[in-house]
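Enquirer: The structure file model.cif (mmCIF, C-alpha atoms) is provided below.
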data_data
#
loop_
_atom_site.group_PDB
_atom_site.id
_atom_site.type_symbol
_atom_site.label_atom_id
_atom_site.label_comp_id
_atom_site.auth_asym_id
_atom_site.auth_seq_id
_atom_site.Cartn_x
_atom_site.Cartn_y
_atom_site.Cartn_z
ATOM 1 C CA MET A 1 7.543 49.560 9.416
ATOM 2 C CA ASN A 2 7.568 51.979 6.531
ATOM 3 C CA ALA A 3 7.720 50.714 2.973
ATOM 4 C CA THR A 4 6.006 53.552 1.200
ATOM 5 C CA THR A 5 7.070 56.715 -0.527
ATOM 6 C CA ALA A 6 5.194 59.854 -1.360
ATOM 7 C CA ASN A 7 2.013 59.100 -3.222
ATOM 8 C CA GLN A 8 2.085 61.130 -6.455
ATOM 9 C CA SER A 9 -0.960 59.556 -8.109
ATOM 10 C CA ASP A 10 -4.636 60.453 -7.944
ATOM 11 C CA CYS A 11 -5.281 57.582 -5.547
ATOM 12 C CA PRO A 12 -5.581 58.810 -1.950
ATOM 13 C CA GLU A 13 -3.584 57.055 0.726
ATOM 14 C CA VAL A 14 -5.796 54.599 2.591
ATOM 15 C CA GLU A 15 -5.337 55.199 6.305
ATOM 16 C CA VAL A 16 -6.339 52.647 8.917
ATOM 17 C CA PRO A 17 -7.346 54.087 12.316
ATOM 18 C CA VAL A 18 -4.599 53.648 14.901
ATOM 19 C CA PRO A 19 -6.918 51.862 17.388
ATOM 20 C CA VAL A 20 -7.386 49.056 14.835
ATOM 21 C CA PHE A 21 -3.668 48.239 14.968
ATOM 22 C CA PHE A 22 -3.735 48.389 18.759
ATOM 23 C CA ILE A 23 -6.776 46.099 19.073
ATOM 24 C CA ILE A 24 -5.376 43.509 16.643
ATOM 25 C CA GLY A 25 -2.013 43.603 18.388
ATOM 26 C CA ALA A 26 -3.495 43.224 21.879
ATOM 27 C CA VAL A 27 -5.842 40.357 20.983
ATOM 28 C CA SER A 28 -3.226 38.440 18.982
ATOM 29 C CA LEU A 29 -0.717 38.970 21.819
ATOM 30 C CA ALA A 30 -3.090 37.333 24.297
ATOM 31 C CA GLU A 31 -3.891 34.448 21.923
ATOM 32 C CA ASN A 32 -0.311 33.588 21.080
ATOM 33 C CA LEU A 33 0.887 33.900 24.669
ATOM 34 C CA LEU A 34 -1.821 31.398 25.582
ATOM 35 C CA VAL A 35 -0.482 28.972 22.968
ATOM 36 C CA VAL A 36 3.120 29.349 24.185
ATOM 37 C CA VAL A 37 2.166 28.802 27.826
ATOM 38 C CA ALA A 38 -0.035 25.812 26.935
ATOM 39 C CA VAL A 39 2.765 24.049 25.031
ATOM 40 C CA ILE A 40 5.268 24.669 27.838
ATOM 41 C CA TRP A 41 2.812 23.655 30.567
ATOM 42 C CA ASN A 42 1.506 20.393 29.077
ATOM 43 C CA ARG A 43 4.181 17.690 28.796
ATOM 44 C CA ASN A 44 2.033 15.831 26.265
ATOM 45 C CA LEU A 45 2.702 18.723 23.881
ATOM 46 C CA HIS A 46 6.498 18.419 24.120
ATOM 47 C CA SER A 47 6.922 17.109 20.573
ATOM 48 C CA PRO A 48 8.635 18.505 17.452
ATOM 49 C CA MET A 49 5.313 19.478 15.881
ATOM 50 C CA HIS A 50 4.169 21.440 18.924
ATOM 51 C CA CYS A 51 7.613 22.991 19.367
ATOM 52 C CA PHE A 52 7.327 24.479 15.886
ATOM 53 C CA ILE A 53 3.833 25.699 16.705
ATOM 54 C CA CYS A 54 5.189 27.245 19.912
ATOM 55 C CA SER A 55 7.944 28.943 17.898
ATOM 56 C CA LEU A 56 5.384 30.316 15.472
ATOM 57 C CA ALA A 57 3.292 31.619 18.353
ATOM 58 C CA ALA A 58 6.410 33.215 19.890
ATOM 59 C CA PHE A 59 7.188 35.040 16.633
ATOM 60 C CA ASN A 60 3.578 36.206 16.470
ATOM 61 C CA THR A 61 3.817 37.358 20.091
ATOM 62 C CA ILE A 62 6.866 39.484 19.242
ATOM 63 C CA ALA A 63 5.058 40.969 16.249
ATOM 64 C CA SER A 64 1.940 41.775 18.277
ATOM 65 C CA LEU A 65 3.882 43.294 21.172
ATOM 66 C CA THR A 66 6.117 45.335 18.857
ATOM 67 C CA LYS A 67 3.243 46.669 16.798
ATOM 68 C CA SER A 68 1.292 47.564 19.944
ATOM 69 C CA CYS A 69 4.296 49.509 21.275
ATOM 70 C CA GLU A 70 4.712 51.234 17.921
ATOM 71 C CA THR A 71 1.050 52.205 17.971
ATOM 72 C CA LEU A 72 1.463 53.714 21.438
ATOM 73 C CA MET A 73 4.483 55.678 20.193
ATOM 74 C CA ILE A 74 2.376 57.068 17.340
ATOM 75 C CA LEU A 75 -0.330 58.115 19.785
ATOM 76 C CA PHE A 76 2.222 59.842 22.047
ATOM 77 C CA ALA A 77 3.768 61.574 19.036
ATOM 78 C CA ASP A 78 0.368 62.834 17.892
ATOM 79 C CA VAL A 79 -0.239 64.503 21.279
ATOM 80 C CA GLY A 80 3.263 66.010 21.339
ATOM 81 C CA GLN A 81 4.835 63.722 23.941
ATOM 82 C CA LEU A 82 7.416 62.306 21.508
ATOM 83 C CA GLU A 83 9.431 63.737 18.648
ATOM 84 C CA LYS A 84 8.627 62.001 15.390
ATOM 85 C CA LYS A 85 12.142 62.528 14.007
ATOM 86 C CA GLY A 86 14.299 62.568 17.137
ATOM 87 C CA SER A 87 17.521 60.543 17.205
ATOM 88 C CA SER A 88 16.425 58.287 20.072
ATOM 89 C CA GLU A 89 12.996 57.799 18.506
ATOM 90 C CA LYS A 90 14.667 56.886 15.210
ATOM 91 C CA LYS A 91 16.824 54.242 16.920
ATOM 92 C CA LEU A 92 13.824 52.840 18.766
ATOM 93 C CA ASP A 93 11.882 52.735 15.502
ATOM 94 C CA ASP A 94 14.737 50.778 13.870
ATOM 95 C CA VAL A 95 14.676 48.263 16.734
ATOM 96 C CA MET A 96 10.916 47.799 16.348
ATOM 97 C CA ASP A 97 11.214 47.422 12.594
ATOM 98 C CA SER A 98 13.928 44.774 13.127
ATOM 99 C CA LEU A 99 11.685 42.856 15.533
ATOM 100 C CA LEU A 100 8.771 43.057 13.096
ATOM 101 C CA CYS A 101 10.933 41.782 10.230
ATOM 102 C CA MET A 102 12.252 39.024 12.489
ATOM 103 C CA SER A 103 8.747 37.915 13.400
ATOM 104 C CA PHE A 104 7.525 38.013 9.805
ATOM 105 C CA VAL A 105 10.477 35.999 8.465
ATOM 106 C CA GLY A 106 10.197 33.673 11.460
ATOM 107 C CA SER A 107 6.553 33.011 10.677
ATOM 108 C CA ILE A 108 7.502 31.859 7.188
ATOM 109 C CA PHE A 109 10.301 29.650 8.531
ATOM 110 C CA SER A 110 8.014 28.159 11.184
ATOM 111 C CA PHE A 111 5.288 27.508 8.648
ATOM 112 C CA LEU A 112 7.840 25.804 6.395
ATOM 113 C CA ALA A 113 9.158 23.731 9.319
ATOM 114 C CA ILE A 114 5.628 22.555 10.142
ATOM 115 C CA ALA A 115 5.068 21.596 6.504
ATOM 116 C CA VAL A 116 8.318 19.576 6.429
ATOM 117 C CA ASP A 117 7.409 17.945 9.749
ATOM 118 C CA ARG A 118 4.038 16.856 8.357
ATOM 119 C CA TYR A 119 5.781 15.586 5.211
ATOM 120 C CA ILE A 120 8.113 13.379 7.271
ATOM 121 C CA THR A 121 5.156 12.160 9.331
ATOM 122 C CA ILE A 122 3.380 10.866 6.215
ATOM 123 C CA PHE A 123 6.280 9.638 4.069
ATOM 124 C CA HIS A 124 8.541 8.321 6.839
ATOM 125 C CA ALA A 125 6.032 7.453 9.551
ATOM 126 C CA LEU A 126 7.997 4.463 10.906
ATOM 127 C CA ARG A 127 11.239 6.454 11.150
ATOM 128 C CA TYR A 128 9.681 9.745 12.249
ATOM 129 C CA HIS A 129 10.855 9.594 15.871
ATOM 130 C CA ASN A 130 14.382 8.715 14.756
ATOM 131 C CA ILE A 131 14.479 11.565 12.232
ATOM 132 C CA MET A 132 12.706 14.290 14.211
ATOM 133 C CA THR A 133 14.329 13.963 17.626
ATOM 134 C CA MET A 134 13.979 16.735 20.195
ATOM 135 C CA GLN A 135 17.702 17.470 19.863
ATOM 136 C CA ARG A 136 17.366 18.043 16.121
ATOM 137 C CA THR A 137 14.221 20.049 16.697
ATOM 138 C CA GLY A 138 16.106 22.300 19.116
ATOM 139 C CA ALA A 139 18.926 22.724 16.595
ATOM 140 C CA ILE A 140 16.436 23.611 13.837
ATOM 141 C CA LEU A 141 14.755 26.176 16.071
ATOM 142 C CA GLY A 142 18.149 27.652 16.971
ATOM 143 C CA VAL A 143 19.040 28.044 13.300
ATOM 144 C CA ILE A 144 15.632 29.583 12.548
ATOM 145 C CA TRP A 145 15.831 32.186 15.312
ATOM 146 C CA THR A 146 19.463 33.082 14.560
ATOM 147 C CA THR A 147 18.811 33.402 10.827
ATOM 148 C CA CYS A 148 15.707 35.508 11.419
ATOM 149 C CA GLY A 149 17.551 37.854 13.777
ATOM 150 C CA VAL A 150 20.432 38.425 11.360
ATOM 151 C CA SER A 151 18.182 38.808 8.304
ATOM 152 C CA ALA A 152 15.943 41.263 10.159
ATOM 153 C CA VAL A 153 18.865 43.557 11.015
ATOM 154 C CA LEU A 154 20.116 43.431 7.427
ATOM 155 C CA MET A 155 16.608 44.041 6.108
ATOM 156 C CA VAL A 156 16.159 47.225 8.159
ATOM 157 C CA GLN A 157 19.677 48.602 7.714
ATOM 158 C CA PHE A 158 19.787 48.080 3.941
ATOM 159 C CA PHE A 159 16.093 48.233 3.053
ATOM 160 C CA GLU A 160 16.730 50.922 0.424
ATOM 161 C CA SER A 161 18.924 48.432 -1.447
ATOM 162 C CA THR A 162 17.086 46.797 -4.332
ATOM 163 C CA PHE A 163 19.138 43.626 -3.845
ATOM 164 C CA ILE A 164 17.816 43.168 -0.277
ATOM 165 C CA ILE A 165 14.221 43.598 -1.397
ATOM 166 C CA ILE A 166 14.711 41.120 -4.252
ATOM 167 C CA CYS A 167 16.252 38.575 -1.864
ATOM 168 C CA PHE A 168 13.315 38.996 0.514
ATOM 169 C CA VAL A 169 10.770 38.497 -2.274
ATOM 170 C CA VAL A 170 12.644 35.506 -3.747
ATOM 171 C CA PHE A 171 12.754 33.918 -0.288
ATOM 172 C CA PHE A 172 8.977 34.274 0.022
ATOM 173 C CA ILE A 173 8.338 32.852 -3.465
ATOM 174 C CA LEU A 174 10.643 29.870 -2.898
ATOM 175 C CA SER A 175 9.030 29.165 0.481
ATOM 176 C CA PHE A 176 5.585 29.496 -1.064
ATOM 177 C CA THR A 177 6.505 27.058 -3.853
ATOM 178 C CA LEU A 178 8.041 24.479 -1.506
ATOM 179 C CA ILE A 179 5.110 24.579 0.920
ATOM 180 C CA CYS A 180 2.656 24.276 -1.974
ATOM 181 C CA PHE A 181 4.576 21.298 -3.361
ATOM 182 C CA LEU A 182 4.686 19.541 0.018
ATOM 183 C CA TYR A 183 0.981 20.000 0.705
ATOM 184 C CA VAL A 184 -0.106 18.931 -2.783
ATOM 185 C CA TYR A 185 2.180 15.903 -2.554
ATOM 186 C CA MET A 186 0.756 14.973 0.860
ATOM 187 C CA PHE A 187 -2.779 15.362 -0.458
ATOM 188 C CA MET A 188 -2.011 13.066 -3.403
ATOM 189 C CA LEU A 189 -0.478 10.497 -1.037
ATOM 190 C CA ALA A 190 -3.598 10.572 1.157
ATOM 191 C CA ARG A 191 -5.782 9.891 -1.880
ATOM 192 C CA ILE A 192 -3.559 7.004 -2.998
ATOM 193 C CA HIS A 193 -3.747 5.403 0.444
ATOM 194 C CA ALA A 194 -7.503 5.940 0.558
ATOM 195 C CA ARG A 195 -7.914 4.148 -2.794
ATOM 196 C CA LYS A 196 -5.736 1.236 -1.685
ATOM 197 C CA ILE A 197 -7.741 0.828 1.502
ATOM 198 C CA ALA A 198 -11.000 1.161 -0.420
ATOM 199 C CA SER A 199 -9.939 -1.774 -2.597
ATOM 200 C CA LEU A 200 -10.025 -3.908 0.548
ATOM 201 C CA SER A 201 -13.586 -2.841 1.384
ATOM 202 C CA ASN A 202 -14.894 -6.379 0.837
ATOM 203 C CA SER A 203 -13.457 -7.276 4.243
ATOM 204 C CA GLY A 204 -14.578 -5.834 7.544
ATOM 205 C CA TRP A 205 -11.062 -4.504 8.187
ATOM 206 C CA GLY A 206 -11.048 -2.805 4.840
ATOM 207 C CA ARG A 207 -14.353 -1.042 5.447
ATOM 208 C CA GLY A 208 -13.255 0.177 8.872
ATOM 209 C CA ARG A 209 -9.879 1.360 7.620
ATOM 210 C CA HIS A 210 -11.516 3.062 4.649
ATOM 211 C CA GLN A 211 -13.864 5.015 6.914
ATOM 212 C CA TRP A 212 -10.943 5.946 9.206
ATOM 213 C CA TRP A 213 -8.766 7.124 6.316
ATOM 214 C CA ARG A 214 -11.647 9.030 4.714
ATOM 215 C CA GLY A 215 -12.427 10.931 7.906
ATOM 216 C CA ASN A 216 -8.802 11.729 8.723
ATOM 217 C CA SER A 217 -7.861 12.578 5.142
ATOM 218 C CA MET A 218 -10.767 14.992 4.728
ATOM 219 C CA ARG A 219 -9.977 16.626 8.052
ATOM 220 C CA GLY A 220 -6.322 16.919 7.065
ATOM 221 C CA VAL A 221 -7.188 18.375 3.653
ATOM 222 C CA LEU A 222 -9.494 20.935 5.263
ATOM 223 C CA THR A 223 -6.854 21.951 7.803
ATOM 224 C CA LEU A 224 -4.121 22.292 5.163
ATOM 225 C CA THR A 225 -6.464 24.276 2.906
ATOM 226 C CA ILE A 226 -7.217 26.740 5.707
ATOM 227 C CA LEU A 227 -3.545 27.014 6.668
ATOM 228 C CA PHE A 228 -2.313 27.598 3.170
ATOM 229 C CA GLY A 229 -5.171 29.911 2.216
ATOM 230 C CA ALA A 230 -4.666 32.104 5.287
ATOM 231 C CA PHE A 231 -0.924 32.238 4.652
ATOM 232 C CA VAL A 232 -1.352 33.383 1.048
ATOM 233 C CA VAL A 233 -4.129 35.891 1.762
ATOM 234 C CA CYS A 234 -2.232 37.529 4.617
ATOM 235 C CA TRP A 235 1.258 37.603 3.117
ATOM 236 C CA ALA A 236 0.928 37.888 -0.662
ATOM 237 C CA PRO A 237 -0.299 41.543 -0.823
ATOM 238 C CA PHE A 238 2.715 42.765 1.154
ATOM 239 C CA PHE A 239 5.187 40.982 -1.104
ATOM 240 C CA VAL A 240 3.403 42.267 -4.194
ATOM 241 C CA HIS A 241 3.944 45.693 -2.634
ATOM 242 C CA LEU A 242 7.693 44.996 -2.367
ATOM 243 C CA ILE A 243 7.803 43.850 -5.996
ATOM 244 C CA ILE A 244 6.058 47.036 -7.089
ATOM 245 C CA ILE A 245 8.587 49.160 -5.172
ATOM 246 C CA THR A 246 11.347 47.502 -7.188
ATOM 247 C CA VAL A 247 9.750 47.169 -10.624
ATOM 248 C CA CYS A 248 7.571 50.256 -11.100
ATOM 249 C CA PRO A 249 8.080 52.799 -8.315
ATOM 250 C CA LEU A 250 6.694 55.741 -10.314
ATOM 251 C CA ASN A 251 3.931 54.134 -12.373
ATOM 252 C CA PRO A 252 0.543 55.701 -11.439
ATOM 253 C CA TYR A 253 -1.208 52.316 -11.407
ATOM 254 C CA CYS A 254 1.467 50.932 -9.116
ATOM 255 C CA GLU A 255 1.094 54.009 -6.931
ATOM 256 C CA CYS A 256 -2.586 53.209 -6.512
ATOM 257 C CA TYR A 257 -1.733 49.757 -5.225
ATOM 258 C CA ARG A 258 0.922 51.179 -2.921
ATOM 259 C CA SER A 259 -1.672 53.502 -1.410
ATOM 260 C CA LEU A 260 -3.135 50.377 0.261
ATOM 261 C CA PHE A 261 0.032 49.720 2.267
ATOM 262 C CA GLN A 262 -1.629 50.124 5.672
ATOM 263 C CA LEU A 263 -4.236 47.536 4.709
ATOM 264 C CA HIS A 264 -1.429 45.147 3.811
ATOM 265 C CA VAL A 265 0.058 45.663 7.290
ATOM 266 C CA VAL A 266 -3.347 44.934 8.830
ATOM 267 C CA LEU A 267 -3.438 41.651 6.898
ATOM 268 C CA LEU A 268 0.037 40.728 8.141
ATOM 269 C CA MET A 269 -0.993 41.426 11.719
ATOM 270 C CA SER A 270 -4.245 39.516 11.250
ATOM 271 C CA HIS A 271 -2.221 36.416 10.437
ATOM 272 C CA ALA A 272 -1.161 36.378 14.106
ATOM 273 C CA LEU A 273 -4.851 36.331 15.004
ATOM 274 C CA ILE A 274 -5.661 33.476 12.646
ATOM 275 C CA ASP A 275 -2.723 31.220 13.538
ATOM 276 C CA PRO A 276 -3.898 30.189 17.035
ATOM 277 C CA ALA A 277 -7.335 29.284 15.693
ATOM 278 C CA ILE A 278 -5.894 27.123 12.909
ATOM 279 C CA TYR A 279 -2.845 25.555 14.562
ATOM 280 C CA ALA A 280 -4.161 25.297 18.098
ATOM 281 C CA PHE A 281 -7.935 25.164 18.329
ATOM 282 C CA ARG A 282 -8.194 22.336 15.781
ATOM 283 C CA MET A 283 -5.991 20.150 18.012
ATOM 284 C CA ALA A 284 -7.827 18.222 20.729
ATOM 285 C CA GLU A 285 -4.900 18.157 23.176
ATOM 286 C CA LEU A 286 -4.447 21.926 22.981
ATOM 287 C CA ARG A 287 -8.176 22.523 23.366
ATOM 288 C CA HIS A 288 -8.163 20.326 26.470
ATOM 289 C CA THR A 289 -5.152 22.252 27.836
ATOM 290 C CA PHE A 290 -6.860 25.593 27.199
ATOM 291 C CA ARG A 291 -9.943 24.460 29.077
ATOM 292 C CA LYS A 292 -7.837 23.469 32.083
ATOM 293 C CA MET A 293 -5.809 26.691 31.989
ATOM 294 C CA LEU A 294 -8.871 28.946 31.696
ATOM 295 C CA CYS A 295 -11.009 26.808 34.031
ATOM 296 C CA LEU A 296 -13.610 26.306 31.327
ATOM 297 C CA ASP A 297 -13.878 22.680 32.398
ATOM 298 C CA TRP A 298 -15.224 22.624 35.979
ATOM 299 C CA ARG A 299 -13.739 19.167 36.570
ATOM 300 C CA HIS A 300 -10.224 20.633 36.458
ATOM 301 C CA CYS A 301 -10.814 23.815 38.485
#
Show this structure as structure tokens.

Expert:
Amino acid sequence: MNATTANQSDCPEVEVPVPVFFIIGAVSLAENLLVVVAVIWNRNLHSPMHCFICSLAAFNTIASLTKSCETLMILFADVGQLEKKGSSEKKLDDVMDSLLCMSFVGSIFSFLAIAVDRYITIFHALRYHNIMTMQRTGAILGVIWTTCGVSAVLMVQFFESTFIIICFVVFFILSFTLICFLYVYMFMLARIHARKIASLSNSGWGRGRHQWWRGNSMRGVLTLTILFGAFVVCWAPFFVHLIIITVCPLNPYCECYRSLFQLHVVLLMSHALIDPAIYAFRMAELRHTFRKMLCLDWRHC
């Protein structure tokens, strides 16, 4: 995926060794495939929440596999086995760029879907199973994957268009704002409930409920903080790069930031490494499934 132009400033282009991309891609591919298989294998994980997690892992799997293949193509080109500017290589590069764009946009959509799912869980807990049925979940996933596929093709074919770049950046900012709003709102709701339960602390029920809410609220706040922080750290530099391409393509200071493009790609790929740890390994049911799948628990081998 190439979003750079010739560097005309005094800042040298920062180059990341090709094996780094390959290692990140291979490890994240294994992690996300494990998540997908675990969700499909364990019937207890057949819920809307875990379906969105599985979708996110599938997008990350596509990104990891595509980037690993692209890295292999670069290695073959460096040793003279492939033409860097051949017609077939150019078409294959466009396909890989489309898959990468699809996985990146899909990650944002999946993250947003998980945030909305958590919002419904807290604000409409009694009606959750009527609102988030498996049929609606399947329809949402179908819309997400179709939209991501179409937007990825448009993104690659018309990437030189300033309008496409602006739309891509606006989409990220709007998603960022909505996710931030949902998580802050959920955090405020958790605090309000905790205070109400604390007011009943004179009774035994109140003390028990207060301890339960405090433990679960703090765990939820920590999880959401990690999720949101990882999302911003991994994605924001790339979108700042896109803004710079549009706003100040020839400014020397902007050129210095653009010289870090390969590091921004490493951050994007690293998000696929972080996701399984955050979404999966903090969930007891998934941890139990992983142990059974990998025979880490001798009782199930």

Enquirer: Any chance you could work out the axis-aligned box around stretch 50-68 of chain A, listed atoms only, 3 Å on each side, giving centre and edge lengths in Å to one decimal, as lines of an AutoDock Vina configuration file?

Expert:
center_x = 4.6
center_y = 34.5
center_z = 18.3
size_x = 12.7
size_y = 32.1
size_z = 11.7

Enquirer: Go through A:Ala30, A:Ile23, A:Val36, A:Leu189 one by one, measure the shortest atom-to-atom distance of each to A:Leu72 using only C-alpha atoms, and give the residue with the smallest value.

Expert: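 Smallest distance to A:Leu72 is found for A:Ile23.
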
Enquirer: Between atom CA of A:Met102 and atom CA of A:Thr146, what is the spacing in Å?

Expert: 9.6 Å

Enquirer: Please provide the set of residues having any atom within 8 Å of A:Ser107, restricted to all atoms listed in the file, with same-chain residues fewer than 6 positions apart removed, written as a ChimeraX atom specification.

Expert: /A:56,59-60

Enquirer: Name the closest residue to A:Leu182 among the candidates A:Leu126, A:Tyr119, A:Ala230, A:Arg195; distances are taken between atoms, counting all atoms listed in the file.

Expert: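 The answer is A:Tyr119, which sits nearest to A:Leu182.
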
Enquirer: Quote the spacing between atom CA of A:Val95 and atom CA of A:Glu15 in Å to one decimal place.

Expert: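 It comes out at 23.6 Å.
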
Enquirer: Which residues would end up in the selection if the PyMOL selection byres ((chain A and resi 28) around 9) were applied here, given that I need the answer as a count of residues only?

Expert: 21
